[in-house]
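Text of the file query.txt, holding compact mmCIF, C-alpha atoms:
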# COMPACT_ATOMS: atom_id res chain seq x y z
CA MET X 1 0.00 0.00 0.00
CA ASN X 2 1.44 3.37 -0.91
CA THR X 3 1.98 6.10 1.67
CA THR X 4 -0.73 8.39 0.25
CA VAL X 5 -3.42 5.75 0.66
CA GLN X 6 -2.11 4.80 4.12
CA ALA X 7 -2.17 8.47 5.20
CA ALA X 8 -5.73 8.91 3.90
CA ILE X 9 -6.94 5.82 5.75
CA THR X 10 -5.21 6.92 8.96
CA GLU X 11 -6.82 10.36 8.67
CA MET X 12 -10.29 8.89 8.08
CA ILE X 13 -9.92 6.54 11.07
CA ALA X 14 -8.86 9.45 13.29
CA ASP X 15 -12.04 11.33 12.31
CA LEU X 16 -14.37 8.46 13.27
CA GLU X 17 -16.63 9.07 16.23
CA VAL X 18 -17.39 6.26 18.68
CA THR X 19 -21.15 5.65 18.63
CA SER X 20 -21.42 2.69 20.99
CA SER X 21 -19.89 1.64 24.26
CA VAL X 22 -17.97 -1.52 25.03
CA PRO X 23 -20.49 -4.31 25.72
CA SER X 24 -21.01 -5.62 29.22
CA ALA X 25 -22.93 -8.61 30.52
CA PRO X 26 -25.34 -9.68 29.22
CA TYR X 27 -23.28 -9.30 26.09
CA GLY X 28 -25.80 -9.77 23.30
CA TYR X 29 -23.37 -9.66 20.38
CA GLY X 30 -26.26 -9.60 17.94
CA SER X 31 -25.84 -10.80 14.38
CA ASP X 32 -23.37 -10.58 11.53
CA ILE X 33 -23.15 -11.33 7.82
CA SER X 34 -21.86 -14.87 7.28
CA CYS X 35 -18.33 -14.54 5.95
CA THR X 36 -15.09 -16.50 6.18
CA THR X 37 -13.05 -15.93 3.03
CA ASP X 38 -15.83 -14.07 1.18
CA VAL X 39 -19.34 -12.87 1.87
CA GLU X 40 -21.93 -15.62 1.50
CA VAL X 41 -23.66 -15.30 -1.89
CA HIS X 42 -27.06 -14.33 -0.42
CA TRP X 43 -25.56 -12.10 2.31
CA ALA X 44 -26.98 -14.48 4.90
CA GLU X 45 -27.24 -12.99 8.36
CA ILE X 46 -26.27 -15.24 11.26
CA SER X 47 -27.06 -14.80 14.93
CA ASN X 48 -25.40 -17.97 16.28
CA THR X 49 -22.65 -16.33 18.30
CA ALA X 50 -20.41 -19.43 18.27
CA LEU X 51 -20.54 -19.39 14.46
CA ILE X 52 -19.87 -15.63 14.37
CA ILE X 53 -16.78 -16.13 16.58
CA ALA X 54 -15.68 -19.18 14.56
CA GLU X 55 -15.90 -17.30 11.26
CA HIS X 56 -13.96 -14.40 12.75
CA CYS X 57 -11.26 -16.86 13.88
CA VAL X 58 -10.99 -18.17 10.31
CA ARG X 59 -10.60 -14.64 8.94
CA ARG X 60 -7.85 -13.86 11.48
CA ILE X 61 -5.74 -16.92 10.64
CA ASP X 62 -6.40 -16.85 6.89
CA THR X 63 -5.43 -13.19 6.40
CA PRO X 64 -1.81 -12.28 5.74
CA ASN X 65 -0.34 -10.22 8.57
CA GLY X 66 -1.07 -6.51 8.51
CA LEU X 67 -4.18 -4.45 7.85
CA PRO X 68 -4.14 -0.73 7.02
CA ASP X 69 -5.37 0.17 10.51
CA ASP X 70 -3.74 -2.71 12.46
CA ASP X 71 -0.35 -3.98 11.31
CA SER X 72 -0.40 -6.83 13.83
CA TRP X 73 -3.75 -8.32 12.68
CA GLY X 74 -3.75 -11.71 10.94
CA ILE X 75 -1.45 -14.63 10.19
CA SER X 76 -1.53 -16.68 7.02
CA ILE X 77 -1.58 -20.20 8.42
CA ALA X 78 -1.87 -21.65 4.90
CA ASP X 79 1.75 -20.62 4.35
CA TYR X 80 2.74 -23.64 6.45
CA CYS X 81 1.22 -26.10 3.96
CA ASN X 82 3.16 -27.81 1.17
CA ARG X 83 6.49 -27.40 2.87
CA PRO X 84 8.39 -29.53 5.36
CA THR X 85 7.64 -28.31 8.86
CA THR X 86 9.40 -29.26 12.08
CA LEU X 87 7.61 -30.12 15.31
CA LYS X 88 9.16 -26.97 16.81
CA GLU X 89 7.62 -24.83 14.04
CA ILE X 90 4.21 -26.43 14.64
CA SER X 91 4.51 -25.79 18.37
CA GLU X 92 5.42 -22.15 17.66
CA LEU X 93 2.55 -21.90 15.17
CA GLU X 94 0.12 -23.12 17.83
CA GLY X 95 1.33 -20.29 20.05
CA ARG X 96 1.00 -17.74 17.24
CA VAL X 97 -2.56 -18.89 16.55
CA VAL X 98 -3.48 -18.59 20.23
CA SER X 99 -1.91 -15.11 20.39
CA GLU X 100 -3.83 -14.05 17.28
CA LEU X 101 -7.22 -15.42 18.27
CA ILE X 102 -7.16 -14.39 21.93
CA ASP X 103 -7.08 -10.77 20.70
CA ASP X 104 -10.78 -11.16 19.86
CA ASP X 105 -12.49 -9.43 22.78
CA ARG X 106 -15.23 -12.08 22.80
CA ILE X 107 -12.76 -14.90 23.62
CA ASP X 108 -11.77 -15.42 27.25
CA ASP X 109 -9.61 -18.54 26.88
CA LEU X 110 -8.36 -20.71 24.07
CA ARG X 111 -6.42 -23.94 23.56
CA VAL X 112 -5.10 -24.87 20.12
CA SER X 113 -3.54 -28.02 18.68
CA ILE X 114 -2.32 -28.46 15.12
CA GLU X 115 -1.58 -31.68 13.26
CA VAL X 116 0.28 -31.87 9.95
CA SER X 117 -0.66 -34.45 7.31
CA SER X 118 2.05 -36.94 6.41
CA ASP X 119 2.52 -35.32 2.98
CA PHE X 120 2.63 -31.77 4.46
CA THR X 121 -0.28 -30.63 2.24
CA THR X 122 -2.81 -29.95 4.99
CA LEU X 123 -3.03 -28.92 8.60
CA THR X 124 -5.81 -29.82 10.99
CA LEU X 125 -6.40 -27.20 13.64
CA ARG X 126 -8.51 -27.91 16.70
CA ALA X 127 -9.34 -25.01 19.02
CA ARG X 128 -11.23 -25.15 22.29
CA VAL X 129 -12.83 -21.72 22.57
CA VAL X 130 -14.12 -20.26 25.84
CA PRO X 131 -16.13 -17.08 25.16
CA TYR X 132 -16.50 -14.39 27.83
CA ASP X 133 -20.27 -14.65 27.47
CA PRO X 134 -21.39 -17.75 29.42
CA LEU X 135 -24.60 -17.83 27.37
CA VAL X 136 -22.59 -18.68 24.25
CA GLY X 137 -20.84 -21.56 26.01
CA ASP X 138 -17.55 -23.26 25.25
CA PHE X 139 -17.14 -24.90 21.86
CA THR X 140 -14.57 -26.80 19.85
CA LEU X 141 -13.67 -25.55 16.41
CA LEU X 142 -12.19 -27.99 13.89
CA LEU X 143 -10.53 -26.39 10.87
CA SER X 144 -8.93 -27.88 7.77
CA VAL X 145 -6.11 -25.79 6.32
CA SER X 146 -4.52 -26.14 2.88
CA ASP X 147 -2.59 -23.77 0.68
CA THR X 148 -5.94 -22.69 -0.79
CA GLY X 149 -7.41 -21.54 2.53
CA VAL X 150 -9.12 -22.47 5.76
CA ILE X 151 -12.40 -24.40 6.02
CA ILE X 152 -14.61 -24.85 9.07
CA GLU X 153 -15.12 -28.60 9.32
CA GLU X 154 -17.05 -28.73 12.57
CA ILE X 155 -18.22 -26.71 15.55
CA THR X 156 -19.15 -28.83 18.56
CA ARG X 157 -20.28 -28.08 22.08
Using structure tokens, write down the structure that the file contains.
Amino acid sequence: MNTTVQAAITEMIADLEVTSSVPSAPYGYGSDISCTTDVEVHWAEISNTALIIAEHCVRRIDTPNGLPDDDSWGISIADYCNRPTTLKEISELEGRVVSELIDDDRIDDLRVSIEVSSDFTTLTLRARVVPYDPLVGDFTLLLSVSDTGVIIEEITR
């Protein structure tokens, strides 16, 4: 991104006015447009908070690091596919994923494990997510990762 565009974005963000306060219990996160790698074709609105959080987790780990307004946002986990990876790198990746996802202010606690396929083409990521809102309840998120992206395989309670 060139410096002119970056400066314009920074200026626009600085001019934004906060119109809502930080939520407090009961949280009531509301609804969102279903979206992981792209907006769902019919712009489906979802109100299942576990699914909203899960889709946000996918976006955070499937986006290359750095957004115009947050240079620490995102990691591209798919970059670890189709290349030999050591157990140490996987362990470090698990930590990076936890660090990335725990930044979501709806997530209180998180445990992540990652397995690499024998041919190094895919990763399986399992995350135990504990939301701040007890009404949402803990859930397990199972993701399949390849060099083409991240797919939600399963969300279980």
Considering only C-alpha atoms, give me a table of residues in region 88-118 of chain X that are at most 12 Å from region 49-64 of chain X, with the closest atom pair and distance in Å for each, as JSON lines.
{"residue": "X:Leu93", "atom": "CA", "partner": "X:Ile61", "partner_atom": "CA", "distance": 10.7}
{"residue": "X:Glu94", "atom": "CA", "partner": "X:Ile61", "partner_atom": "CA", "distance": 11.2}
{"residue": "X:Arg96", "atom": "CA", "partner": "X:Ile61", "partner_atom": "CA", "distance": 9.5}
{"residue": "X:Val97", "atom": "CA", "partner": "X:Ile61", "partner_atom": "CA", "distance": 7.0}
{"residue": "X:Val98", "atom": "CA", "partner": "X:Ile61", "partner_atom": "CA", "distance": 10.0}
{"residue": "X:Ser99", "atom": "CA", "partner": "X:Ile61", "partner_atom": "CA", "distance": 10.6}
{"residue": "X:Glu100", "atom": "CA", "partner": "X:Arg60", "partner_atom": "CA", "distance": 7.1}
{"residue": "X:Leu101", "atom": "CA", "partner": "X:Cys57", "partner_atom": "CA", "distance": 6.1}
{"residue": "X:Ile102", "atom": "CA", "partner": "X:Cys57", "partner_atom": "CA", "distance": 9.4}
{"residue": "X:Asp103", "atom": "CA", "partner": "X:Arg60", "partner_atom": "CA", "distance": 9.8}
{"residue": "X:Asp104", "atom": "CA", "partner": "X:Cys57", "partner_atom": "CA", "distance": 8.3}
{"residue": "X:Asp105", "atom": "CA", "partner": "X:Ile53", "partner_atom": "CA", "distance": 10.1}
{"residue": "X:Arg106", "atom": "CA", "partner": "X:Ile53", "partner_atom": "CA", "distance": 7.6}
{"residue": "X:Ile107", "atom": "CA", "partner": "X:Ile53", "partner_atom": "CA", "distance": 8.2}
{"residue": "X:Asp108", "atom": "CA", "partner": "X:Ile53", "partner_atom": "CA", "distance": 11.8}
{"residue": "X:Leu110", "atom": "CA", "partner": "X:Cys57", "partner_atom": "CA", "distance": 11.3}
{"residue": "X:Val112", "atom": "CA", "partner": "X:Cys57", "partner_atom": "CA", "distance": 11.9}
> Just how far from CA of Phe139 (chain X) is CA of Ile151 (chain X), in Å to one decimal?
Replying inline: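 Result for CA of Ile151 (chain X) versus CA of Phe139 (chain X): 16.5 Å, one decimal.
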> Got a sec: who's within 9 Å of Glu153 (chain X), counting only C-alpha atoms, leaving out chain neighbours fewer than 4 positions off, as JSON, numbers by chain?
Replying inline: {"X": [141, 142, 143, 144]}
> CA of Thr122 (chain X) and CA of Ser91 (chain X) are how many Å apart?
Replying inline: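 CA of Ser91 (chain X) lies 15.8 Å from CA of Thr122 (chain X).
Between CA of Val5 (chain X) and CA of Thr148 (chain X) the separation is 28.6 Å.
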